[in-house]
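Enquirer: If it helps, the file is called input_10.tsv and holds TSV, C-alpha atoms:
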chain	number	residue	atom	x	y	z
Z	1	MET	CA	0.00	0.00	0.00
Z	2	LYS	CA	2.92	2.35	0.67
Z	3	TYR	CA	3.87	2.15	-3.05
Z	4	TRP	CA	0.35	3.28	-3.99
Z	5	LEU	CA	0.64	6.34	-1.72
Z	6	THR	CA	4.12	7.18	-2.99
Z	7	SER	CA	2.92	6.98	-6.57
Z	8	LEU	CA	-0.10	9.14	-5.83
Z	9	ILE	CA	2.16	11.87	-4.45
Z	10	THR	CA	4.37	11.59	-7.55
Z	11	LEU	CA	1.34	11.78	-9.83
Z	12	ILE	CA	0.06	14.93	-8.11
Z	13	GLY	CA	3.45	16.56	-8.66
Z	14	LEU	CA	3.47	15.62	-12.34
Z	15	LEU	CA	-0.06	16.86	-12.84
Z	16	SER	CA	0.71	20.18	-11.19
Z	17	PHE	CA	3.55	20.68	-13.65
Z	18	CYS	CA	1.53	19.54	-16.64
Z	19	GLN	CA	-1.35	21.82	-15.80
Z	20	GLU	CA	0.90	24.79	-16.44
Z	21	GLU	CA	1.67	23.53	-19.93
Z	22	GLU	CA	-0.44	23.95	-23.05
Z	23	SER	CA	-3.61	21.83	-23.07
Z	24	SER	CA	-3.39	18.48	-24.79
Z	25	ASN	CA	-5.65	15.57	-25.61
Z	26	SER	CA	-3.87	13.16	-23.30
Z	27	TYR	CA	-4.35	11.97	-19.75
Z	28	PHE	CA	-2.67	10.02	-16.96
Z	29	ASP	CA	-4.16	7.21	-14.94
Z	30	LEU	CA	-2.91	5.52	-11.78
Z	31	ASN	CA	-4.38	2.20	-10.61
Z	32	TYR	CA	-3.75	0.21	-7.46
Z	33	PHE	CA	-4.31	-3.55	-7.81
Z	34	SER	CA	-4.40	-6.58	-5.53
Z	35	GLY	CA	-5.28	-10.16	-6.31
Z	36	ASN	CA	-4.10	-13.75	-6.61
Z	37	ILE	CA	-1.55	-15.77	-8.55
Z	38	ALA	CA	-3.44	-18.15	-10.82
Z	39	LEU	CA	-2.57	-21.82	-10.27
Z	40	HIS	CA	-1.90	-22.95	-13.85
Z	41	ASN	CA	0.78	-25.46	-12.80
Z	42	ASN	CA	0.94	-27.43	-9.53
Z	43	ASP	CA	4.72	-27.01	-9.51
Z	44	ILE	CA	4.34	-23.36	-8.44
Z	45	LEU	CA	2.21	-24.07	-5.34
Z	46	HIS	CA	5.13	-23.22	-3.04
Z	47	LEU	CA	5.38	-19.77	-4.66
Z	48	ILE	CA	1.78	-18.77	-3.84
Z	49	THR	CA	2.02	-17.45	-0.28
Z	50	GLY	CA	0.12	-14.16	-0.36
Z	51	HIS	CA	-1.95	-11.70	-2.36
Z	52	PRO	CA	0.28	-9.83	-4.82
Z	53	GLU	CA	-0.28	-6.09	-5.12
Z	54	GLY	CA	1.14	-3.14	-6.99
Z	55	PHE	CA	0.28	-0.20	-9.19
Z	56	ILE	CA	-0.08	0.63	-12.89
Z	57	PHE	CA	0.82	4.16	-13.99
Z	58	SER	CA	-0.02	5.15	-17.58
Z	59	TRP	CA	0.07	7.98	-20.07
Z	60	ASN	CA	-2.66	7.88	-22.73
Z	61	LYS	CA	-3.22	9.83	-25.95
Z	62	LYS	CA	-6.78	10.19	-27.23
Z	63	THR	CA	-7.78	9.90	-30.88
Z	64	PHE	CA	-10.73	11.66	-32.52
Z	65	GLY	CA	-10.95	10.10	-35.96
Z	66	ASN	CA	-8.47	12.21	-37.89
Z	67	GLU	CA	-7.33	8.97	-39.53
Z	68	ALA	CA	-9.65	6.27	-40.84
Z	69	TRP	CA	-8.27	3.53	-38.57
Z	70	GLU	CA	-9.21	5.57	-35.50
Z	71	GLN	CA	-12.83	5.70	-36.65
Z	72	ARG	CA	-12.97	1.98	-37.42
Z	73	PHE	CA	-11.85	1.08	-33.90
Z	74	ASN	CA	-14.19	3.55	-32.13
Z	75	TYR	CA	-11.53	6.18	-31.35
Z	76	PRO	CA	-9.07	4.22	-29.19
Z	77	ASP	CA	-6.37	5.65	-26.96
Z	78	TYR	CA	-2.74	4.64	-27.25
Z	79	GLY	CA	0.02	5.11	-24.73
Z	80	ALA	CA	2.66	3.72	-22.40
Z	81	SER	CA	2.44	2.03	-19.00
Z	82	PHE	CA	4.65	1.23	-16.03
Z	83	ILE	CA	3.84	-1.60	-13.60
Z	84	TYR	CA	5.28	-2.32	-10.19
Z	85	GLN	CA	4.28	-5.65	-8.61
Z	86	ASP	CA	5.11	-7.20	-5.23
Z	87	PHE	CA	4.39	-10.96	-5.34
Z	88	LYS	CA	4.36	-11.26	-1.53
Z	89	ASN	CA	6.85	-14.10	-1.81
Z	90	GLU	CA	10.57	-13.63	-1.17
Z	91	LYS	CA	11.47	-16.26	-3.77
Z	92	LEU	CA	9.62	-14.36	-6.54
Z	93	GLY	CA	10.65	-10.88	-5.40
Z	94	HIS	CA	9.36	-7.80	-7.23
Z	95	ASN	CA	8.72	-7.01	-10.90
Z	96	PHE	CA	9.00	-3.74	-12.83
Z	97	GLY	CA	7.53	-3.51	-16.34
Z	98	LEU	CA	7.32	-1.06	-19.27
Z	99	TYR	CA	4.58	-1.47	-21.90
Z	100	ALA	CA	2.96	-0.01	-24.99
Z	101	HIS	CA	-0.83	-0.24	-25.00
Z	102	TYR	CA	-4.13	0.48	-26.73
Z	103	ASN	CA	-7.40	1.32	-24.94
Z	104	LEU	CA	-10.53	0.12	-26.76
Z	105	TYR	CA	-13.98	1.46	-25.81
Z	106	PHE	CA	-17.46	-0.07	-25.60
Z	107	PHE	CA	-20.95	0.79	-24.28
Z	108	LYS	CA	-20.90	4.54	-24.95
Z	109	ARG	CA	-17.23	4.68	-23.89
Z	110	ASN	CA	-18.04	3.69	-20.32
Z	111	VAL	CA	-16.17	0.36	-20.60
Z	112	MET	CA	-12.49	0.29	-21.51
Z	113	LEU	CA	-10.40	-2.72	-22.53
Z	114	ARG	CA	-6.64	-2.16	-22.42
Z	115	ILE	CA	-4.28	-4.48	-24.29
Z	116	ALA	CA	-0.60	-4.03	-23.41
Z	117	GLN	CA	2.68	-5.69	-24.35
Z	118	GLY	CA	6.13	-4.99	-22.97
Z	119	LEU	CA	9.19	-6.09	-21.03
Z	120	ALA	CA	9.61	-6.62	-17.30
Z	121	TYR	CA	12.55	-6.90	-14.92
Z	122	THR	CA	12.34	-9.31	-12.00
Z	123	THR	CA	14.56	-8.79	-8.97
Z	124	ASN	CA	15.02	-12.40	-7.86
Z	125	PRO	CA	15.17	-14.99	-10.67
Z	126	TYR	CA	16.21	-18.62	-10.34
Z	127	ASP	CA	19.72	-19.31	-9.10
Z	128	LYS	CA	20.81	-22.86	-8.36
Z	129	ILE	CA	22.64	-21.71	-5.19
Z	130	LYS	CA	20.89	-18.54	-3.96
Z	131	ASN	CA	17.32	-19.06	-5.18
Z	132	PRO	CA	16.68	-22.64	-6.40
Z	133	LYS	CA	12.93	-22.57	-5.57
Z	134	ASN	CA	12.02	-19.87	-8.07
Z	135	ILE	CA	11.12	-22.10	-11.00
Z	136	ALA	CA	8.87	-19.40	-12.49
Z	137	PHE	CA	11.58	-17.06	-13.86
Z	138	GLY	CA	14.94	-18.21	-15.19
Z	139	THR	CA	16.13	-14.72	-16.21
Z	140	HIS	CA	15.96	-11.14	-14.95
Z	141	LEU	CA	14.40	-9.90	-18.21
Z	142	LEU	CA	10.90	-11.16	-19.05
Z	143	SER	CA	8.26	-10.76	-21.70
Z	144	SER	CA	5.02	-9.45	-20.22
Z	145	THR	CA	1.42	-8.89	-21.31
Z	146	TYR	CA	-1.42	-7.35	-19.39
Z	147	LEU	CA	-5.14	-6.86	-19.95
Z	148	MET	CA	-7.33	-4.40	-18.06
Z	149	LEU	CA	-11.13	-4.24	-18.21
Z	150	ASN	CA	-12.48	-1.13	-16.46
Z	151	TYR	CA	-15.68	0.78	-15.92
Z	152	LYS	CA	-14.55	4.36	-16.39
Z	153	LYS	CA	-15.87	7.86	-15.76
Z	154	GLU	CA	-13.71	10.85	-16.67
Z	155	ARG	CA	-14.02	14.42	-15.31
Z	156	ILE	CA	-16.18	13.60	-12.31
Z	157	PHE	CA	-14.52	16.46	-10.47
Z	158	ASP	CA	-12.85	19.00	-12.75
Z	159	TYR	CA	-9.95	17.11	-14.40
Z	160	LEU	CA	-10.24	14.03	-12.16
Z	161	GLY	CA	-12.07	10.79	-12.93
Z	162	LEU	CA	-12.41	7.28	-11.55
Z	163	GLN	CA	-12.09	3.78	-12.97
Z	164	ALA	CA	-12.26	0.27	-11.53
Z	165	GLY	CA	-12.27	-3.26	-12.83
Z	166	LEU	CA	-10.20	-6.37	-13.43
Z	167	SER	CA	-6.59	-6.87	-14.52
Z	168	PHE	CA	-4.67	-9.88	-15.81
Z	169	ILE	CA	-0.84	-9.71	-15.81
Z	170	HIS	CA	1.39	-12.37	-17.39
Z	171	TYR	CA	5.18	-12.74	-17.02
Z	172	SER	CA	7.34	-15.27	-18.87
Z	173	ASN	CA	10.76	-15.50	-20.50
Z	174	ALA	CA	9.33	-17.83	-23.18
Z	175	ASN	CA	11.97	-20.50	-22.55
Z	176	VAL	CA	14.87	-18.22	-23.41
Z	177	LYS	CA	16.42	-19.89	-20.36
Z	178	ALA	CA	15.07	-22.58	-18.03
Z	179	PRO	CA	13.27	-22.71	-15.68
Z	180	ASN	CA	10.17	-20.93	-16.98
Z	181	THR	CA	6.80	-21.95	-15.55
Z	182	SER	CA	5.68	-18.27	-15.75
Z	183	ILE	CA	3.34	-16.38	-13.40
Z	184	ASN	CA	-0.19	-15.08	-14.08
Z	185	THR	CA	-1.91	-12.62	-11.75
Z	186	MET	CA	-5.65	-12.02	-11.58
Z	187	ALA	CA	-6.44	-8.81	-9.72
Z	188	LEU	CA	-9.01	-6.17	-8.86
Z	189	ASN	CA	-7.93	-2.61	-9.60
Z	190	VAL	CA	-9.19	0.86	-8.75
Z	191	GLY	CA	-7.69	4.14	-9.86
Z	192	LEU	CA	-7.79	7.79	-10.82
Z	193	THR	CA	-7.66	9.48	-14.22
Z	194	TYR	CA	-6.42	13.02	-14.80
Z	195	ASN	CA	-7.06	14.83	-18.09
Z	196	LEU	CA	-4.41	17.27	-19.23
Z	197	GLY	CA	-6.68	19.04	-21.70
Z	198	ASP	CA	-9.61	21.30	-20.89
Z	199	GLU	CA	-11.31	20.95	-24.27
Z	200	ASN	CA	-13.68	18.20	-25.35
Z	201	LEU	CA	-13.07	17.84	-29.05
Z	202	GLU	CA	-15.79	16.33	-31.20
Z	203	TYR	CA	-15.33	12.92	-32.78
Z	204	ILE	CA	-15.26	12.81	-36.56
Z	205	ASP	CA	-18.18	10.80	-37.95
Z	206	LYS	CA	-17.49	7.19	-38.81
Z	207	PRO	CA	-16.96	6.43	-42.50
Z	208	SER	CA	-19.43	4.38	-44.49
Z	209	ASP	CA	-18.86	0.63	-44.47
Z	210	GLU	CA	-17.36	0.52	-47.92
Z	211	LYS	CA	-16.18	-2.93	-48.97
Z	212	TYR	CA	-12.43	-3.33	-49.15
Z	213	THR	CA	-10.49	-6.32	-50.46
Z	214	GLU	CA	-7.13	-7.07	-52.01
Z	215	PRO	CA	-5.94	-9.86	-54.30
Z	216	ILE	CA	-4.06	-12.76	-52.71
Z	217	LYS	CA	-0.60	-11.71	-51.55
Z	218	TYR	CA	2.43	-13.94	-50.92
Z	219	ASN	CA	4.70	-13.55	-47.89
Z	220	ILE	CA	8.17	-14.75	-46.98
Z	221	ALA	CA	9.39	-14.38	-43.38
Z	222	PHE	CA	12.54	-15.26	-41.46
Z	223	ARG	CA	12.45	-15.61	-37.67
Z	224	SER	CA	15.17	-16.27	-35.12
Z	225	GLY	CA	16.11	-16.07	-31.45
Z	226	LEU	CA	17.50	-18.07	-28.53
Z	227	ASN	CA	15.78	-20.74	-26.45
Z	228	GLN	CA	16.38	-23.73	-24.21
Z	229	SER	CA	14.63	-26.95	-23.31
Z	230	ASP	CA	13.04	-27.44	-19.88
Z	231	ILE	CA	16.21	-29.18	-18.67
Z	232	ILE	CA	17.97	-26.65	-16.42
Z	233	GLY	CA	21.58	-26.16	-17.49
Z	234	SER	CA	21.10	-27.74	-20.91
Z	235	GLY	CA	22.29	-24.58	-22.64
Z	236	GLN	CA	20.81	-21.87	-24.86
Z	237	PHE	CA	20.82	-22.37	-28.62
Z	238	PRO	CA	19.81	-20.26	-31.63
Z	239	PHE	CA	16.85	-21.29	-33.74
Z	240	TYR	CA	15.88	-20.35	-37.29
Z	241	ILE	CA	12.45	-20.46	-38.94
Z	242	LEU	CA	11.59	-19.97	-42.60
Z	243	SER	CA	7.94	-19.26	-43.39
Z	244	ALA	CA	6.07	-18.90	-46.66
Z	245	TYR	CA	2.36	-18.15	-46.77
Z	246	ALA	CA	-0.44	-16.56	-48.73
Z	247	ASP	CA	-2.88	-14.04	-47.29
Z	248	LYS	CA	-6.22	-12.71	-48.46
Z	249	ARG	CA	-7.33	-9.29	-47.21
Z	250	LEU	CA	-11.07	-9.45	-46.44
Z	251	SER	CA	-11.56	-5.89	-45.15
Z	252	HIS	CA	-9.70	-2.86	-43.88
Z	253	THR	CA	-9.06	-4.67	-40.60
Z	254	SER	CA	-8.92	-8.39	-41.35
Z	255	ALA	CA	-7.01	-10.95	-43.43
Z	256	ILE	CA	-6.74	-14.76	-43.42
Z	257	GLN	CA	-3.55	-16.74	-44.00
Z	258	PHE	CA	-2.41	-20.20	-45.07
Z	259	GLY	CA	1.19	-21.33	-45.22
Z	260	ALA	CA	4.11	-23.45	-44.04
Z	261	ASP	CA	6.96	-23.18	-41.52
Z	262	VAL	CA	10.31	-24.97	-41.51
Z	263	PHE	CA	11.87	-25.08	-38.02
Z	264	PHE	CA	15.59	-25.46	-37.33
Z	265	SER	CA	15.49	-25.72	-33.51
Z	266	ASN	CA	18.99	-26.43	-32.28
Z	267	PHE	CA	17.94	-26.94	-28.66
Z	268	LEU	CA	16.25	-30.15	-29.84
Z	269	LYS	CA	19.64	-31.56	-30.83
Z	270	GLU	CA	20.77	-31.35	-27.21
Z	271	LEU	CA	17.44	-32.64	-25.91
Z	272	ILE	CA	17.48	-35.64	-28.25
Z	273	TYR	CA	21.00	-36.55	-27.11
Z	274	TYR	CA	20.07	-36.06	-23.45
Z	275	ARG	CA	17.00	-38.30	-23.74
Z	276	SER	CA	18.93	-41.00	-25.58
Z	277	VAL	CA	21.60	-41.16	-22.85
Z	278	SER	CA	19.51	-40.53	-19.71
Z	279	PHE	CA	16.26	-42.33	-20.48
Z	280	PRO	CA	16.92	-45.53	-22.45
Z	281	GLU	CA	13.38	-46.71	-21.70
Z	282	GLU	CA	12.06	-43.98	-24.02
Z	283	ASN	CA	13.69	-45.70	-27.04
Z	284	VAL	CA	15.31	-42.50	-28.33
Z	285	SER	CA	18.26	-43.47	-30.51
Z	286	GLY	CA	19.92	-40.04	-30.63
Z	287	ASP	CA	19.83	-40.00	-34.42
Z	288	GLU	CA	16.36	-38.43	-34.73
Z	289	ASP	CA	16.12	-35.34	-36.92
Z	290	TYR	CA	15.77	-32.08	-34.98
Z	291	LYS	CA	14.01	-30.28	-37.87
Z	292	ARG	CA	10.22	-29.90	-38.10
Z	293	VAL	CA	7.80	-28.75	-40.81
Z	294	GLY	CA	4.36	-27.34	-40.06
Z	295	LEU	CA	1.31	-26.11	-41.94
Z	296	PHE	CA	-0.77	-23.30	-40.43
Z	297	LEU	CA	-3.94	-21.25	-40.74
Z	298	GLY	CA	-3.83	-17.68	-39.52
Z	299	HIS	CA	-5.63	-14.40	-39.04
Z	300	GLU	CA	-4.29	-10.85	-39.07
Z	301	LEU	CA	-6.02	-7.89	-37.41
Z	302	PHE	CA	-4.82	-4.56	-38.81
Z	303	ILE	CA	-4.60	-1.49	-36.55
Z	304	HIS	CA	-3.04	1.31	-38.60
Z	305	LYS	CA	0.54	0.19	-39.48
Z	306	THR	CA	0.54	-2.41	-36.71
Z	307	SER	CA	-1.24	-5.75	-36.81
Z	308	ILE	CA	-1.98	-8.60	-34.41
Z	309	GLU	CA	-1.18	-11.99	-35.91
Z	310	THR	CA	-2.55	-15.33	-34.68
Z	311	GLN	CA	-1.78	-18.72	-36.23
Z	312	LEU	CA	-2.66	-22.34	-35.49
Z	313	GLY	CA	-0.27	-24.92	-36.92
Z	314	TYR	CA	0.20	-28.67	-37.23
Z	315	TYR	CA	3.54	-30.45	-37.76
Z	316	VAL	CA	3.42	-32.62	-40.87
Z	317	TYR	CA	7.10	-33.59	-40.43
Z	318	TYR	CA	7.65	-34.50	-36.78
Z	319	PRO	CA	10.46	-37.03	-36.23
Z	320	PHE	CA	10.92	-36.31	-32.51
Z	321	ASP	CA	8.04	-35.90	-30.06
Z	322	PHE	CA	8.23	-32.54	-28.28
Z	323	GLU	CA	5.10	-31.06	-26.63
Z	324	GLY	CA	2.69	-32.43	-29.27
Z	325	GLN	CA	2.02	-31.87	-32.97
Z	326	THR	CA	-0.03	-28.65	-32.78
Z	327	TYR	CA	1.41	-25.21	-32.14
Z	328	ILE	CA	0.19	-21.64	-31.73
Z	329	ARG	CA	1.80	-18.37	-32.73
Z	330	ILE	CA	0.62	-14.94	-31.61
Z	331	GLY	CA	2.32	-11.57	-31.84
Z	332	LEU	CA	2.70	-8.12	-33.31
Z	333	LYS	CA	3.75	-7.03	-36.79
Z	334	ARG	CA	4.80	-3.56	-37.88
Z	335	TYR	CA	4.67	-2.62	-41.56
Z	336	PHE	CA	7.24	-0.34	-43.15
Z	337	GLY	CA	5.62	0.80	-46.37
Z	338	ASN	CA	3.43	-1.63	-48.27
Z	339	LYS	CA	5.82	-4.57	-48.52
Z	340	PHE	CA	8.25	-4.95	-45.64
Z	341	PHE	CA	7.48	-5.81	-42.03
Z	342	GLY	CA	9.07	-6.70	-38.72
Z	343	ALA	CA	7.49	-8.98	-36.13
Z	344	ILE	CA	7.77	-10.17	-32.54
Z	345	THR	CA	5.81	-13.35	-31.92
Z	346	LEU	CA	5.41	-16.01	-29.25
Z	347	LYS	CA	5.31	-19.66	-30.32
Z	348	SER	CA	3.78	-22.15	-27.89
Z	349	HIS	CA	2.23	-25.57	-27.56
Z	350	GLY	CA	-0.98	-24.79	-25.71
Z	351	ALA	CA	0.03	-22.90	-22.54
Z	352	LYS	CA	3.64	-24.12	-22.86
Z	353	ALA	CA	5.86	-21.49	-24.50
Z	354	GLU	CA	8.69	-22.61	-26.78
Z	355	ALA	CA	10.24	-19.35	-27.99
Z	356	VAL	CA	10.00	-15.63	-28.57
Z	357	GLU	CA	10.62	-15.08	-32.29
Z	358	PHE	CA	12.07	-11.94	-33.84
Z	359	GLY	CA	11.26	-11.76	-37.54
Z	360	ILE	CA	11.49	-9.79	-40.73
Z	361	GLY	CA	9.57	-10.36	-43.93
Z	362	VAL	CA	8.25	-9.17	-47.24
Z	363	ARG	CA	4.68	-9.17	-48.63
Z	364	LEU	CA	4.70	-9.47	-52.41
What does the file become when written as structure tokens?
Expert:
Amino acid sequence: MKYWLTSLITLIGLLSFCQEEESSNSYFDLNYFSGNIALHNNDILHLITGHPEGFIFSWNKKTFGNEAWEQRFNYPDYGASFIYQDFKNEKLGHNFGLYAHYNLYFFKRNVMLRIAQGLAYTTNPYDKIKNPKNIAFGTHLLSSTYLMLNYKKERIFDYLGLQAGLSFIHYSNANVKAPNTSINTMALNVGLTYNLGDENLEYIDKPSDEKYTEPIKYNIAFRSGLNQSDIIGSGQFPFYILSAYADKRLSHTSAIQFGADVFFSNFLKELIYYRSVSFPEENVSGDEDYKRVGLFLGHELFIHKTSIETQLGYYVYYPFDFEGQTYIRIGLKRYFGNKFFGAITLKSHGAKAEAVEFGIGVRL
């Protein structure tokens, strides 16, 4: 609770300074949260010893429909967030996160859904000597996602407003280094909003629902990164993925995909050798191919020059059994012009992450 009070004092100081500046169409919000760690894996039972709490401090920029994408998504906000979280467990320690986010609005703009993605720093990751019980985080640096669903009322008293609702916060290093069971927090939050502008600009009318399509386009992408198997100390290895797929744009905001991935996952070489030596009852010879080939169906949601990509795949070449034959990919793409893009995606088998992928590609 002391962190909430400290942050409130800091916010008041910032707002006093900002009020002297020229009016803008942005606002701050500060939310205190408290909740529970979700039990998604029985192995983390010893890490759930209290009710984690913290705060979320955000800067938000309003949109009013000056660009067509703003109108299509009901005039969202975009901005940046900072999260502090105390897990109430000395083995887990404390987390600090920085995020980029969008706020989407529903029900006459009284309900807000925030979608945020960023990086977090944890103070007390796994160490085989100093902290062997923290099997949730194997590294200081983590990937993090949070969702916030709030009922919101701005300008209840002058520039101040209130909001309250539910938050979901996820931390994981996506198997960059073992161990990595990850931590999910479900929490209640309540907070204040403070508008920096004193003008209520009018929203530009929504455009007509004109039909928009494109011919089929062909994409080539290359992804890479580092990851490790679940065997602690087995080493980090680079991986390489080549993807080729076709997409069909159905509207301004939506496209479907079909394609293939070829995976060169070097950590599997080490895992295959380890299984062949340590577990002879599994009948692993050690000569199994570490490569995999998958086919996938996907969807792409376009938000201005950024898109959210989701894919469901199935391995058609699968010589070594690792976490099952289906896989999921979800992440963000950023387009540079009409052809080139960069991407950060998470590949997993169900709730079990395999890798964070950094990619580049071209859409022909």
Enquirer: Taking 3 positions as the minimum chain separation for residues in the same chain, which residues sit within 7 Å of Leu104 in chain Z when counting all atoms listed in the file? Answer as JSON, numbers by chain.
Expert: {"Z": [76, 77, 112, 113, 114]}
Enquirer: Tell me, in Å to one decimal, how far CA of Lys128 in chain Z is from CA of Val277 in chain Z.
Expert: 23.4 Å
Enquirer: To one decimal place, how far is CA of Asn60 in chain Z from CA of Asn150 in chain Z in Å?
Expert: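 Pair CA of Asn60 in chain Z / CA of Asn150 in chain Z returns 14.7 Å.
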Enquirer: Can you list, as a list in words, every protein, DNA or RNA residue that comes within 7 Å of range 266-272 of chain Z when you count all atoms listed in the file, leaving out same-chain residues fewer than 5 positions away?
Expert: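 The contact residues come out as Asn227, Gln228, Ser229, Gln236, Phe237, Pro238, Phe239, Gly286 and Tyr290 of chain Z.
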Enquirer: Kindly give the distance, in Å, that separates CA of Gln325 in chain Z and CA of Gly298 in chain Z, rounded to a single decimal.
Expert: 16.7 Å
Enquirer: Go through Z:Ala353, Z:Ile308, Z:Ile56, Z:Ala255 and flag the residue nearest Thr193 in chain Z, using only C-alpha atoms for the distances.
Expert: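 Result for the nearest residue to Thr193 in chain Z: Z:Ile56.
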Enquirer: Choose the residue, out of Z:Ser234, Z:Asn89, Z:Ser276, Z:Ser172, that has the smallest atom-to-atom separation from Val356 in chain Z; count all atoms listed in the file.
Expert: Z:Ser172
Enquirer: Measuring atom to atom with only C-alpha atoms, identify which of Z:Lys91, Z:Lys217, Z:Lys347, Z:His170 is nearest to Gly118 in chain Z.
Expert: Z:His170
Enquirer: Select, from Z:Asn219, Z:Ala136, Z:Tyr121, Z:Leu192, the residue with the minimum atom-to-atom distance to Ile156 in chain Z, counting all atoms listed in the file.
Expert: Z:Leu192
Enquirer: Considering all atoms listed in the file, can you say which of Z:Lys177, Z:Arg334, Z:Lys88, Z:Arg72 comes closest to Asn36 in chain Z?
Expert: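 So, comparing all the options, the nearest one is Z:Lys88.
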Enquirer: Given all atoms listed in the file as the basis, pick out the residue of Z:Leu295, Z:Leu301, Z:Val111, Z:Leu188 nearest to Tyr151 in chain Z.
Expert: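 Checking each of Z:Leu295, Z:Leu301, Z:Val111, Z:Leu188 against Tyr151 in chain Z, counting all atoms listed in the file, the winner is Z:Val111.
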Enquirer: If you count only C-alpha atoms, which residues fall within 10 Å of Thr122 in chain Z, apart from same-chain ones fewer than 6 positions away, as a ChimeraX atom specification?
Expert: /Z:85,92-97,137-142,171
Enquirer: Within 7 Å of (12.5, -23.6, -18.2) in the file's own coordinates, which protein, DNA or RNA residues have an atom, counting only C-alpha atoms? List them as number ranges by chain.
Expert: Z: 138, 175, 177-181, 229-232
Enquirer: Residues at most 12 Å from Asn42 in chain Z, counting all atoms listed in the file, excluding those fewer than 5 positions away in the same chain, as a ChimeraX atom specification?
Expert: /Z:37,47-48,135-136,181,183
Enquirer: Could you name the residues that touch Ala80 in chain Z at 8 Å or less, counting all atoms listed in the file, but leaving out those on the same chain fewer than 2 positions away, as number ranges by chain?
Expert: Z: 58-60, 78, 82, 98-101
